[in-house]
file target-v3.tsv (TSV, C-alpha atoms (C1' of nucleotides))
chain	number	residue	atom	x	y	z
A	1	MET	CA	126.97	89.61	185.98
A	2	ALA	CA	124.30	87.56	184.19
A	3	ILE	CA	123.22	85.13	186.91
A	4	VAL	CA	122.98	87.89	189.48
A	5	ASP	CA	120.75	89.83	187.14
A	6	GLU	CA	118.38	87.00	186.65
A	7	MET	CA	118.31	86.94	190.43
A	8	VAL	CA	117.48	90.62	190.48
A	9	CYS	CA	114.51	90.01	188.22
A	10	PHE	CA	113.33	86.97	190.09
A	11	SER	CA	113.60	88.61	193.47
A	12	LEU	CA	111.71	91.60	192.09
A	13	TYR	CA	109.04	89.23	190.86
A	14	SER	CA	108.87	87.43	194.21
A	15	ALA	CA	108.81	90.59	196.28
A	16	THR	CA	106.04	92.07	194.16
A	17	ARG	CA	103.89	88.99	194.51
A	18	ALA	CA	104.48	88.94	198.25
A	19	THR	CA	103.44	92.58	198.62
A	20	THR	CA	100.43	92.12	196.36
A	21	ARG	CA	99.33	89.21	198.51
A	22	ALA	CA	99.69	91.38	201.60
A	23	TYR	CA	97.48	94.06	200.04
A	24	THR	CA	95.02	91.38	198.95
A	25	ASP	CA	94.70	90.19	202.53
A	26	LEU	CA	94.36	93.71	203.92
A	27	LEU	CA	91.79	94.62	201.27
A	28	ALA	CA	89.84	91.37	201.51
A	29	PRO	CA	87.12	92.75	203.82
A	30	TRP	CA	86.25	95.25	201.07
A	31	LYS	CA	86.79	92.79	198.22
A	32	LEU	CA	89.17	95.18	196.50
A	33	THR	CA	92.28	94.24	194.54
A	34	TYR	CA	95.62	96.01	194.79
A	35	THR	CA	95.15	97.63	191.39
A	36	GLN	CA	91.65	98.80	192.27
A	37	TYR	CA	93.13	100.27	195.47
A	38	LEU	CA	95.77	102.10	193.43
A	39	VAL	CA	93.06	103.72	191.32
A	40	LEU	CA	91.24	104.83	194.46
A	41	VAL	CA	94.47	106.27	195.90
A	42	ILE	CA	94.90	108.34	192.74
A	43	LEU	CA	91.34	109.62	192.93
A	44	TRP	CA	91.66	110.42	196.64
A	45	ASN	CA	94.90	112.31	196.14
A	46	GLU	CA	94.42	113.91	192.73
A	47	GLY	CA	90.66	114.15	192.39
A	48	SER	CA	88.66	113.19	189.31
A	49	GLN	CA	90.81	112.04	186.42
A	50	PRO	CA	90.20	110.94	182.85
A	51	VAL	CA	90.85	107.26	182.21
A	52	ARG	CA	93.88	108.19	180.17
A	53	GLN	CA	95.51	110.11	183.07
A	54	ILE	CA	94.97	107.20	185.43
A	55	GLY	CA	96.50	104.92	182.85
A	56	GLU	CA	99.49	107.17	182.54
A	57	MET	CA	100.09	107.30	186.27
A	58	LEU	CA	99.80	103.55	186.73
A	59	GLN	CA	101.22	102.68	183.31
A	60	LEU	CA	98.12	100.68	182.48
A	61	ASP	CA	96.17	100.74	179.24
A	62	SER	CA	92.44	100.79	178.71
A	63	GLY	CA	92.47	97.04	178.20
A	64	THR	CA	93.23	96.73	181.89
A	65	LEU	CA	91.46	99.82	183.15
A	66	SER	CA	88.11	99.59	181.39
A	67	PRO	CA	86.97	96.35	183.03
A	68	LEU	CA	88.57	97.35	186.33
A	69	LEU	CA	86.68	100.66	186.36
A	70	ARG	CA	83.51	98.81	185.48
A	71	ARG	CA	83.98	96.74	188.63
A	72	LEU	CA	84.63	99.80	190.78
A	73	GLU	CA	81.53	101.36	189.26
A	74	SER	CA	79.39	98.31	190.01
A	75	LYS	CA	80.60	98.58	193.62
A	76	GLU	CA	79.33	102.17	193.45
A	77	LEU	CA	82.71	103.58	194.46
A	78	ILE	CA	83.15	105.62	191.28
A	79	ASP	CA	81.12	107.14	188.49
A	80	ARG	CA	82.13	107.41	184.86
A	81	GLN	CA	81.16	110.70	183.25
A	82	ARG	CA	81.77	111.31	179.60
A	83	SER	CA	83.37	114.71	179.09
A	84	GLU	CA	81.18	117.34	177.43
A	85	THR	CA	84.02	119.28	175.86
A	86	ASP	CA	85.59	116.13	174.37
A	87	THR	CA	83.21	113.24	174.20
A	88	ARG	CA	86.03	110.75	173.66
A	89	VAL	CA	87.17	111.35	177.24
A	90	VAL	CA	85.64	109.58	180.22
A	91	ASN	CA	86.16	111.21	183.60
A	92	VAL	CA	86.40	108.97	186.62
A	93	VAL	CA	84.77	110.53	189.67
A	94	LEU	CA	84.53	109.28	193.25
A	95	THR	CA	81.06	108.69	194.61
A	96	GLU	CA	80.27	109.58	198.20
A	97	PRO	CA	80.91	105.97	199.35
A	98	GLY	CA	84.14	105.97	197.37
A	99	GLU	CA	85.15	109.20	199.04
A	100	SER	CA	84.39	107.96	202.54
A	101	LEU	CA	86.27	104.71	201.95
A	102	ARG	CA	89.41	106.80	202.25
A	103	LYS	CA	89.15	107.04	206.03
A	104	GLU	CA	88.12	103.43	206.32
A	105	LEU	CA	91.30	102.31	204.53
A	106	ALA	CA	93.59	104.80	206.22
A	107	HIS	CA	95.21	102.04	208.27
A	108	ILE	CA	96.58	100.22	205.25
A	109	PRO	CA	99.70	102.26	204.49
A	110	GLU	CA	100.88	101.76	208.04
A	111	GLN	CA	100.28	98.02	207.93
A	112	ILE	CA	102.23	97.83	204.69
A	113	ALA	CA	104.98	99.91	206.25
A	114	CYS	CA	105.45	97.24	208.91
A	115	GLY	CA	105.20	94.60	206.23
A	116	THR	CA	108.15	95.86	204.24
A	117	GLY	CA	110.43	95.31	207.22
A	118	LEU	CA	112.56	98.22	206.07
A	119	PRO	CA	114.42	99.78	208.98
A	120	ASP	CA	113.99	103.47	208.17
A	121	ILE	CA	112.85	106.02	205.61
A	122	ALA	CA	116.32	106.40	204.19
A	123	SER	CA	116.62	102.78	203.18
A	124	ALA	CA	113.10	102.84	201.75
A	125	GLN	CA	114.02	105.86	199.66
A	126	ALA	CA	117.25	104.26	198.52
A	127	LEU	CA	115.30	101.21	197.42
A	128	VAL	CA	112.71	103.31	195.61
A	129	SER	CA	115.33	105.19	193.64
A	130	SER	CA	117.09	101.97	192.78
A	131	LEU	CA	113.80	100.54	191.52
A	132	HIS	CA	113.06	103.66	189.50
A	133	ARG	CA	116.39	103.31	187.82
A	134	ILE	CA	115.66	99.72	186.86
A	135	THR	CA	112.20	100.63	185.59
A	136	ASP	CA	113.56	103.43	183.42
A	137	SER	CA	116.45	101.47	182.09
A	138	MET	CA	114.30	98.42	181.33
A	139	GLN	CA	111.85	100.58	179.44
A	140	GLN	CA	114.68	101.83	177.26
A	141	LEU	CA	115.93	98.39	176.30
A	142	PRO	CA	116.93	98.55	172.62
A	143	LEU	CA	115.17	95.33	171.64
A	144	THR	CA	117.97	94.35	169.30
A	145	ASP	CA	115.85	91.39	168.24
A	146	SER	CA	118.47	88.76	168.19
A	147	LYS	CA	116.90	85.89	166.31
B	148	MET	CA	106.69	106.20	206.86
B	149	ALA	CA	103.37	105.21	205.24
B	150	ILE	CA	103.49	107.14	201.97
B	151	VAL	CA	107.05	106.08	201.29
B	152	ASP	CA	106.03	102.49	201.77
B	153	GLU	CA	103.20	102.67	199.36
B	154	MET	CA	105.87	104.07	197.04
B	155	VAL	CA	108.06	101.06	197.76
B	156	CYS	CA	105.24	98.74	196.73
B	157	PHE	CA	104.31	100.71	193.68
B	158	SER	CA	107.87	101.02	192.47
B	159	LEU	CA	108.31	97.29	193.02
B	160	TYR	CA	105.19	96.70	190.99
B	161	SER	CA	106.38	99.02	188.21
B	162	ALA	CA	109.90	97.63	188.10
B	163	THR	CA	108.60	94.08	187.91
B	164	ARG	CA	106.26	94.89	185.06
B	165	ALA	CA	109.06	96.68	183.22
B	166	THR	CA	111.40	93.70	183.57
B	167	THR	CA	108.68	91.25	182.59
B	168	ARG	CA	108.04	93.29	179.46
B	169	ALA	CA	111.75	93.20	178.68
B	170	TYR	CA	111.77	89.42	178.99
B	171	THR	CA	108.60	89.23	176.91
B	172	ASP	CA	110.31	91.15	174.12
B	173	LEU	CA	113.47	89.08	174.32
B	174	LEU	CA	111.48	85.84	174.37
B	175	ALA	CA	109.03	86.88	171.66
B	176	PRO	CA	110.83	85.04	168.83
B	177	TRP	CA	110.23	81.80	170.75
B	178	LYS	CA	106.75	82.77	171.96
B	179	LEU	CA	107.71	82.05	175.54
B	180	THR	CA	106.55	83.94	178.61
B	181	TYR	CA	108.77	84.98	181.49
B	182	THR	CA	107.24	82.34	183.76
B	183	GLN	CA	107.70	79.64	181.14
B	184	TYR	CA	111.33	80.76	180.82
B	185	LEU	CA	111.77	80.47	184.60
B	186	VAL	CA	110.57	76.87	184.48
B	187	LEU	CA	113.05	76.11	181.70
B	188	VAL	CA	115.88	77.74	183.69
B	189	ILE	CA	115.08	75.46	186.61
B	190	LEU	CA	115.08	72.39	184.41
B	191	TRP	CA	118.32	73.43	182.72
B	192	ASN	CA	120.07	74.05	186.03
B	193	GLU	CA	118.53	71.42	188.28
B	194	GLY	CA	117.44	68.72	185.87
B	195	SER	CA	114.09	66.95	185.92
B	196	GLN	CA	111.85	68.01	188.77
B	197	PRO	CA	108.43	67.06	190.07
B	198	VAL	CA	105.78	69.72	189.58
B	199	ARG	CA	105.73	70.27	193.31
B	200	GLN	CA	109.45	71.10	193.45
B	201	ILE	CA	109.14	73.58	190.61
B	202	GLY	CA	106.22	75.13	192.42
B	203	GLU	CA	108.25	75.43	195.57
B	204	MET	CA	111.16	77.11	193.83
B	205	LEU	CA	108.97	79.61	192.00
B	206	GLN	CA	106.36	79.86	194.73
B	207	LEU	CA	103.63	78.92	192.30
B	208	ASP	CA	100.84	76.43	192.84
B	209	SER	CA	99.47	73.81	190.49
B	210	GLY	CA	96.71	76.17	189.47
B	211	THR	CA	99.35	78.23	187.71
B	212	LEU	CA	101.79	75.47	186.80
B	213	SER	CA	99.48	72.84	185.36
B	214	PRO	CA	98.26	74.88	182.40
B	215	LEU	CA	101.70	76.46	181.96
B	216	LEU	CA	103.33	73.03	181.77
B	217	ARG	CA	100.65	71.92	179.35
B	218	ARG	CA	101.70	74.78	177.06
B	219	LEU	CA	105.38	73.91	177.34
B	220	GLU	CA	104.46	70.33	176.58
B	221	SER	CA	102.45	71.29	173.51
B	222	LYS	CA	105.53	73.20	172.32
B	223	GLU	CA	107.38	69.91	172.80
B	224	LEU	CA	109.93	71.51	175.13
B	225	ILE	CA	109.10	69.25	178.07
B	226	ASP	CA	107.55	65.89	178.83
B	227	ARG	CA	105.43	64.99	181.81
B	228	GLN	CA	106.17	61.57	183.21
B	229	ARG	CA	104.13	60.18	186.05
B	230	SER	CA	106.41	58.74	188.73
B	231	GLU	CA	106.36	54.97	189.09
B	232	THR	CA	107.23	54.91	192.77
B	233	ASP	CA	104.53	57.45	193.65
B	234	THR	CA	101.92	57.83	190.98
B	235	ARG	CA	100.64	61.09	192.43
B	236	VAL	CA	103.90	62.75	191.35
B	237	VAL	CA	104.47	64.05	187.84
B	238	ASN	CA	108.08	64.55	186.81
B	239	VAL	CA	108.82	67.33	184.38
B	240	VAL	CA	111.58	66.38	181.95
B	241	LEU	CA	113.24	68.38	179.19
B	242	THR	CA	112.89	67.06	175.68
B	243	GLU	CA	115.81	67.28	173.29
B	244	PRO	CA	114.48	70.54	171.78
B	245	GLY	CA	113.93	71.87	175.29
B	246	GLU	CA	117.49	70.96	176.16
B	247	SER	CA	118.96	72.61	173.09
B	248	LEU	CA	116.97	75.77	173.62
B	249	ARG	CA	119.38	76.47	176.44
B	250	LYS	CA	122.16	77.54	174.12
B	251	GLU	CA	119.77	79.42	171.90
B	252	LEU	CA	118.62	81.55	174.84
B	253	ALA	CA	122.06	81.95	176.39
B	254	HIS	CA	122.19	85.60	175.33
B	255	ILE	CA	119.22	86.60	177.46
B	256	PRO	CA	120.83	86.93	180.89
B	257	GLU	CA	123.37	89.34	179.47
B	258	GLN	CA	120.73	91.43	177.76
B	259	ILE	CA	118.81	91.62	181.00
B	260	ALA	CA	122.00	92.54	182.81
B	261	CYS	CA	122.31	95.61	180.61
B	262	GLY	CA	118.62	96.26	181.05
B	263	THR	CA	118.81	96.57	184.82
B	264	GLY	CA	121.21	99.48	184.49
B	265	LEU	CA	122.82	98.45	187.74
B	266	PRO	CA	126.42	99.66	187.93
B	267	ASP	CA	128.09	96.59	189.43
B	268	ILE	CA	127.59	93.21	191.05
B	269	ALA	CA	127.76	94.65	194.53
B	270	SER	CA	124.77	96.94	194.02
B	271	ALA	CA	122.84	94.12	192.37
B	272	GLN	CA	123.52	91.91	195.37
B	273	ALA	CA	122.54	94.64	197.78
B	274	LEU	CA	119.27	95.06	195.93
B	275	VAL	CA	118.62	91.32	195.90
B	276	SER	CA	119.11	91.03	199.65
B	277	SER	CA	116.89	94.01	200.24
B	278	LEU	CA	114.19	92.39	198.11
B	279	HIS	CA	114.55	89.08	199.92
B	280	ARG	CA	114.01	90.84	203.19
B	281	ILE	CA	110.83	92.44	201.91
B	282	THR	CA	109.56	89.15	200.53
B	283	ASP	CA	110.17	87.35	203.80
B	284	SER	CA	108.73	90.04	205.97
B	285	MET	CA	105.65	90.44	203.76
B	286	GLN	CA	105.03	86.73	203.91
B	287	GLN	CA	105.00	86.91	207.68
B	288	LEU	CA	102.45	89.70	207.90
B	289	PRO	CA	100.18	88.92	210.89
B	290	LEU	CA	96.94	89.67	209.04
B	291	THR	CA	95.37	91.24	212.09
B	292	ASP	CA	92.14	91.54	210.10
B	293	SER	CA	91.10	94.98	211.06
B	294	LYS	CA	87.48	95.23	210.02
C	295	DT	C1'	94.41	46.10	208.09
C	296	DA	C1'	90.57	49.63	207.65
C	297	DG	C1'	89.54	54.15	207.79
C	298	DA	C1'	91.01	58.93	208.40
C	299	DT	C1'	94.37	62.25	207.08
C	300	DT	C1'	97.56	64.15	204.09
C	301	DT	C1'	99.65	65.00	199.70
C	302	DA	C1'	100.12	65.74	194.49
C	303	DA	C1'	98.29	67.41	190.50
C	304	DG	C1'	94.55	69.08	188.00
C	305	DT	C1'	90.23	72.01	187.23
C	306	DT	C1'	87.31	76.06	187.62
C	307	DG	C1'	86.59	80.72	188.08
C	308	DC	C1'	88.02	85.53	188.63
C	309	DG	C1'	90.86	89.55	187.93
C	310	DC	C1'	94.92	91.65	186.18
C	311	DA	C1'	98.46	92.70	182.20
C	312	DC	C1'	98.93	93.36	177.69
C	313	DA	C1'	98.70	92.96	172.50
C	314	DA	C1'	95.72	93.85	168.83
C	315	DT	C1'	91.68	95.67	167.03
C	316	DT	C1'	87.48	98.60	166.75
C	317	DG	C1'	84.69	102.70	166.69
C	318	DA	C1'	83.85	107.18	167.56
C	319	DA	C1'	85.47	111.84	168.02
C	320	DT	C1'	88.86	115.37	167.51
C	321	DT	C1'	92.78	117.52	165.45
C	322	DG	C1'	95.83	118.78	161.82
C	323	DC	C1'	96.85	119.97	157.30
C	324	DG	C1'	96.40	120.80	152.49
D	325	DC	C1'	86.39	123.40	154.32
D	326	DG	C1'	87.37	118.27	153.81
D	327	DC	C1'	89.89	114.45	154.53
D	328	DA	C1'	93.75	112.06	156.68
D	329	DA	C1'	95.94	111.18	160.92
D	330	DT	C1'	95.60	110.97	165.71
D	331	DT	C1'	93.45	110.19	170.17
D	332	DC	C1'	90.42	108.01	173.68
D	333	DA	C1'	88.02	104.34	175.46
D	334	DA	C1'	86.27	99.88	174.92
D	335	DT	C1'	86.48	95.02	173.34
D	336	DT	C1'	88.61	90.53	172.38
D	337	DG	C1'	91.74	87.05	173.30
D	338	DT	C1'	95.77	84.91	175.76
D	339	DG	C1'	98.39	83.80	179.78
D	340	DC	C1'	99.60	84.39	184.54
D	341	DG	C1'	98.41	84.35	189.80
D	342	DC	C1'	95.68	82.64	193.09
D	343	DA	C1'	91.66	80.84	195.82
D	344	DA	C1'	88.67	77.03	196.15
D	345	DC	C1'	87.60	72.60	194.98
D	346	DT	C1'	88.20	67.74	193.02
D	347	DT	C1'	90.32	63.32	192.41
D	348	DA	C1'	93.43	59.93	193.18
D	349	DA	C1'	97.08	57.96	195.73
D	350	DA	C1'	100.00	57.45	199.64
D	351	DT	C1'	100.62	57.62	204.60
D	352	DC	C1'	99.37	57.51	209.21
D	353	DT	C1'	97.04	55.49	212.98
D	354	DA	C1'	93.79	53.13	215.84

call {"tool": "encode", "arguments": {"input": "target-v3.tsv", "output": "structure tokens"}}
result
Amino acid sequence: MAIVDEMVCFSLYSATRATTRAYTDLLAPWKLTYTQYLVLVILWNEGSQPVRQIGEMLQLDSGTLSPLLRRLESKELIDRQRSETDTRVVNVVLTEPGESLRKELAHIPEQIACGTGLPDIASAQALVSSLHRITDSMQQLPLTDSK
Amino acid sequence: MAIVDEMVCFSLYSATRATTRAYTDLLAPWKLTYTQYLVLVILWNEGSQPVRQIGEMLQLDSGTLSPLLRRLESKELIDRQRSETDTRVVNVVLTEPGESLRKELAHIPEQIACGTGLPDIASAQALVSSLHRITDSMQQLPLTDSK
DNA sequence: TAGATTTAAGTTGCGCACAATTGAATTGCG
DNA sequence: CGCAATTCAATTGTGCGCAACTTAAATCTA
């Protein structure tokens, strides 16, 4: 293997940047980034969530999320409400404009669907499960620090 | 489709970050990033290249490459030599330490190979071609700006 | 050949990704 | 109960990715 695997990683890297650019273009009229969009998708689908939950779903830490949420807040798409039962926790809540953005952005999944160029659902699902396997197995790398 | 496709993009995004983290861990003893490693791989395999060529191969512009090359230069792994025939062009050349790093990092592709968890070359190649298709088709998105 | 266009590399600025640290609050345990 | 350990969010600092712009040089063209 070896060379092929470096190709796997590089083509992953390329494909991700290409899709992120596509989202960037689609989201440009709203000046949203792909990651900001992902947070909104979570809130639309799952309702209000603590920062920690969002971080768990997206595998992002507060170092990424805190400033990102600040930006969404300054766009008035979300509110941050400190929990009363546990004041360490900050709950992220959609504002009314954030809620109504859902319909406005409803066209995006479809556009991305075309963008992938995948022929059918089956091949998309096959790809997804293949990618999940890589993600899992990469996360379990032993780190046999070899120097 | 729609939801599945957002899943394709998100699992791409996750898999890429997982592999990048794996490279980061493997490269930590040398304090190199994945992108810096990619530049070195190009130089090892293709020899000295102008910045523009490297950018074409990695699909990165000078806004990313210039500071990255500066860092590789300050580590004394590369030299930047302005072309004599066309003084706009800067040729990136491996130094002796940069050259010899090749053997020192020869274990990495294998480690990554294990990390992917892919069963055989055939499935790796299938994945790569699937990813290439996505990259190409994403890059050709019409951008029918819909607002 | 002179001037316009194009090209190469660099710079600036912004946002994400992530490691490391901080500070405050809660939980667990003796 | 009281203190140590843990948890949550935020902050700081570094590097990448990319858009927009700058500068200098080469090329094209009238």

call {"tool": "closest_residue", "arguments": {"input": "target-v3.tsv", "among": "B:Asn192, B:Gln206, B:Gln272, B:Gln228", "to": "Arg249 of chain B", "atoms": "all atoms listed in the file"}}
result
B:Asn192

call {"tool": "atom_distance", "arguments": {"input": "target-v3.tsv", "atom1": "atom CA of Ser158 of chain B", "atom2": "atom CA of Thr135 of chain A"}}
result
8.1 Å

call {"tool": "closest_atom_pairs", "arguments": {"input": "target-v3.tsv", "of": "chain B", "to": "chain A", "cutoff": "6 Å", "atoms": "all atoms listed in the file", "output": "Markdown table"}}
result
| residue | atom | partner | partner_atom | distance |
| --- | --- | --- | --- | --- |
| B:Ala149 | CA | A:Pro109 | CA | 4.8 |
| B:Asp152 | CA | A:Ala113 | CA | 5.3 |
| B:Val155 | CA | A:Val128 | CA | 5.6 |
| B:Leu159 | CA | A:Thr16 | CA | 5.8 |
| B:Tyr160 | CA | A:Thr16 | CA | 5.7 |
| B:Ala162 | CA | A:Thr135 | CA | 4.5 |
| B:Thr163 | CA | A:Tyr13 | CA | 5.7 |
| B:Ala165 | CA | A:Thr135 | CA | 5.6 |
| B:Thr166 | CA | A:Met138 | CA | 6.0 |
| B:Pro256 | CA | A:Ala2 | CA | 4.8 |
| B:Glu257 | CA | A:Ala2 | CA | 5.1 |
| B:Ala260 | CA | A:Asp5 | CA | 5.3 |
| B:Gly262 | CA | A:Met138 | CA | 4.8 |
| B:Thr263 | CA | A:Ile134 | CA | 4.9 |
| B:Gly264 | CA | A:Ser137 | CA | 5.7 |
| B:Val275 | CA | A:Val8 | CA | 5.6 |
| B:Leu278 | CA | A:Ala15 | CA | 6.0 |
| B:Ile281 | CA | A:Thr116 | CA | 4.9 |
| B:Thr282 | CA | A:Ala15 | CA | 4.5 |
| B:Ser284 | CA | A:Gly117 | CA | 5.7 |
| B:Met285 | CA | A:Gly115 | CA | 4.9 |
| B:Leu288 | CA | A:Gly115 | CA | 5.9 |

call {"tool": "interface_residues", "arguments": {"input": "target-v3.tsv", "of": "chain D", "to": "chain B", "cutoff": "9 Å", "atoms": "only C-alpha atoms (C1' of nucleotides)", "output": "PyMOL selection string"}}
result
chain D and resi 339-342+348-350

call {"tool": "atom_distance", "arguments": {"input": "target-v3.tsv", "atom1": "atom CA of Leu219 of chain B", "atom2": "atom CA of Leu248 of chain B"}}
result
12.3 Å

call {"tool": "closest_residue", "arguments": {"input": "target-v3.tsv", "among": "B:Val188, B:Leu216, B:Val237, B:Ile201", "to": "chain C", "atoms": "all atoms listed in the file"}}
result
B:Val237

call {"tool": "closest_atom_pairs", "arguments": {"input": "target-v3.tsv", "of": "chain C", "to": "chain B", "cutoff": "9 Å", "atoms": "all atoms listed in the file", "output": "CSV"}}
result
residue,atom,partner,partner_atom,distance
C:DT301,C1',B:Arg235,CA,8.3
C:DA302,C1',B:Arg235,CA,5.1
C:DA303,C1',B:Ser209,CA,6.5
C:DG304,C1',B:Ser213,CA,6.7
C:DT305,C1',B:Gly210,CA,8.0
C:DA311,C1',B:Arg164,CA,8.6

call {"tool": "write_last_selection", "arguments": {"input": "target-v3.tsv", "atoms": "C-alpha atoms (C1' of nucleotides)", "output": "PDB file, keeping the file's coordinate frame"}}
result
ATOM      1  C1'  DT C 301      99.650  65.000 199.700  1.00  0.00           C
ATOM      2  C1'  DA C 302     100.120  65.740 194.490  1.00  0.00           C
ATOM      3  C1'  DA C 303      98.290  67.410 190.500  1.00  0.00           C
ATOM      4  C1'  DG C 304      94.550  69.080 188.000  1.00  0.00           C
ATOM      5  C1'  DT C 305      90.230  72.010 187.230  1.00  0.00           C
ATOM      6  C1'  DA C 311      98.460  92.700 182.200  1.00  0.00           C
TER       7       DA C 311
END

call {"tool": "axis_aligned_box", "arguments": {"input": "target-v3.tsv", "around": "segment 305-324 of chain C", "padding_each_side": "6 Å", "output": "lines of an AutoDock Vina configuration file"}}
result
center_x = 91.4
center_y = 96.4
center_z = 170.6
size_x = 27.1
size_y = 60.8
size_z = 48.1

call {"tool": "closest_residue", "arguments": {"input": "target-v3.tsv", "among": "A:Gly55, A:Leu40, A:Arg82, A:Pro119", "to": "Leu94 of chain A", "atoms": "only C-alpha atoms"}}
result
A:Leu40

call {"tool": "atom_distance", "arguments": {"input": "target-v3.tsv", "atom1": "atom C1' of DA329 of chain D", "atom2": "atom C1' of DG322 of chain C"}}
result
7.7 Å

call {"tool": "build_atoms", "arguments": {"input": "target-v3.tsv", "residues": "segment 185-199 of chain B", "atoms": "N, CA, C and O atoms", "output": "mmCIF file, in the frame of the given file"}}
result
data_model
loop_
_atom_site.group_PDB
_atom_site.id
_atom_site.type_symbol
_atom_site.label_atom_id
_atom_site.label_comp_id
_atom_site.auth_asym_id
_atom_site.auth_seq_id
_atom_site.Cartn_x
_atom_site.Cartn_y
_atom_site.Cartn_z
ATOM 1 N N LEU B 185 111.295 80.828 183.255
ATOM 2 C CA LEU B 185 111.770 80.470 184.600
ATOM 3 C C LEU B 185 111.733 78.961 184.801
ATOM 4 O O LEU B 185 112.661 78.377 185.374
ATOM 5 N N VAL B 186 110.670 78.326 184.346
ATOM 6 C CA VAL B 186 110.570 76.870 184.480
ATOM 7 C C VAL B 186 111.700 76.195 183.701
ATOM 8 O O VAL B 186 112.358 75.270 184.205
ATOM 9 N N LEU B 187 111.961 76.690 182.501
ATOM 10 C CA LEU B 187 113.050 76.110 181.700
ATOM 11 C C LEU B 187 114.392 76.304 182.395
ATOM 12 O O LEU B 187 115.222 75.385 182.418
ATOM 13 N N VAL B 188 114.609 77.484 182.980
ATOM 14 C CA VAL B 188 115.880 77.740 183.690
ATOM 15 C C VAL B 188 116.064 76.720 184.806
ATOM 16 O O VAL B 188 117.152 76.164 184.979
ATOM 17 N N ILE B 189 114.997 76.453 185.537
ATOM 18 C CA ILE B 189 115.080 75.460 186.610
ATOM 19 C C ILE B 189 115.464 74.104 186.048
ATOM 20 O O ILE B 189 116.357 73.428 186.574
ATOM 21 N N LEU B 190 114.804 73.708 184.978
ATOM 22 C CA LEU B 190 115.080 72.390 184.410
ATOM 23 C C LEU B 190 116.509 72.325 183.852
ATOM 24 O O LEU B 190 117.196 71.315 184.015
ATOM 25 N N TRP B 191 116.954 73.399 183.241
ATOM 26 C CA TRP B 191 118.320 73.430 182.720
ATOM 27 C C TRP B 191 119.342 73.298 183.850
ATOM 28 O O TRP B 191 120.336 72.589 183.716
ATOM 29 N N ASN B 192 119.076 74.002 184.946
ATOM 30 C CA ASN B 192 120.070 74.050 186.030
ATOM 31 C C ASN B 192 119.959 72.890 187.008
ATOM 32 O O ASN B 192 120.963 72.454 187.563
ATOM 33 N N GLU B 193 118.737 72.417 187.225
ATOM 34 C CA GLU B 193 118.530 71.420 188.280
ATOM 35 C C GLU B 193 118.137 70.061 187.736
ATOM 36 O O GLU B 193 118.001 69.116 188.493
ATOM 37 N N GLY B 194 117.888 69.992 186.449
ATOM 38 C CA GLY B 194 117.440 68.720 185.870
ATOM 39 C C GLY B 194 115.977 68.477 186.151
ATOM 40 O O GLY B 194 115.269 69.343 186.693
ATOM 41 N N SER B 195 115.501 67.296 185.771
ATOM 42 C CA SER B 195 114.090 66.950 185.920
ATOM 43 C C SER B 195 113.614 67.172 187.347
ATOM 44 O O SER B 195 114.335 66.858 188.298
ATOM 45 N N GLN B 196 112.406 67.693 187.454
ATOM 46 C CA GLN B 196 111.850 68.010 188.770
ATOM 47 C C GLN B 196 110.370 67.649 188.770
ATOM 48 O O GLN B 196 109.688 67.840 187.762
ATOM 49 N N PRO B 197 109.879 67.200 189.917
ATOM 50 C CA PRO B 197 108.430 67.060 190.070
ATOM 51 C C PRO B 197 107.768 68.434 190.031
ATOM 52 O O PRO B 197 108.394 69.439 190.403
ATOM 53 N N VAL B 198 106.531 68.474 189.614
ATOM 54 C CA VAL B 198 105.780 69.720 189.580
ATOM 55 C C VAL B 198 105.857 70.450 190.918
ATOM 56 O O VAL B 198 106.057 71.663 190.975
ATOM 57 N N ARG B 199 105.737 69.675 191.973
ATOM 58 C CA ARG B 199 105.730 70.270 193.310
ATOM 59 C C ARG B 199 107.023 71.027 193.618
ATOM 60 O O ARG B 199 106.999 72.112 194.194
#
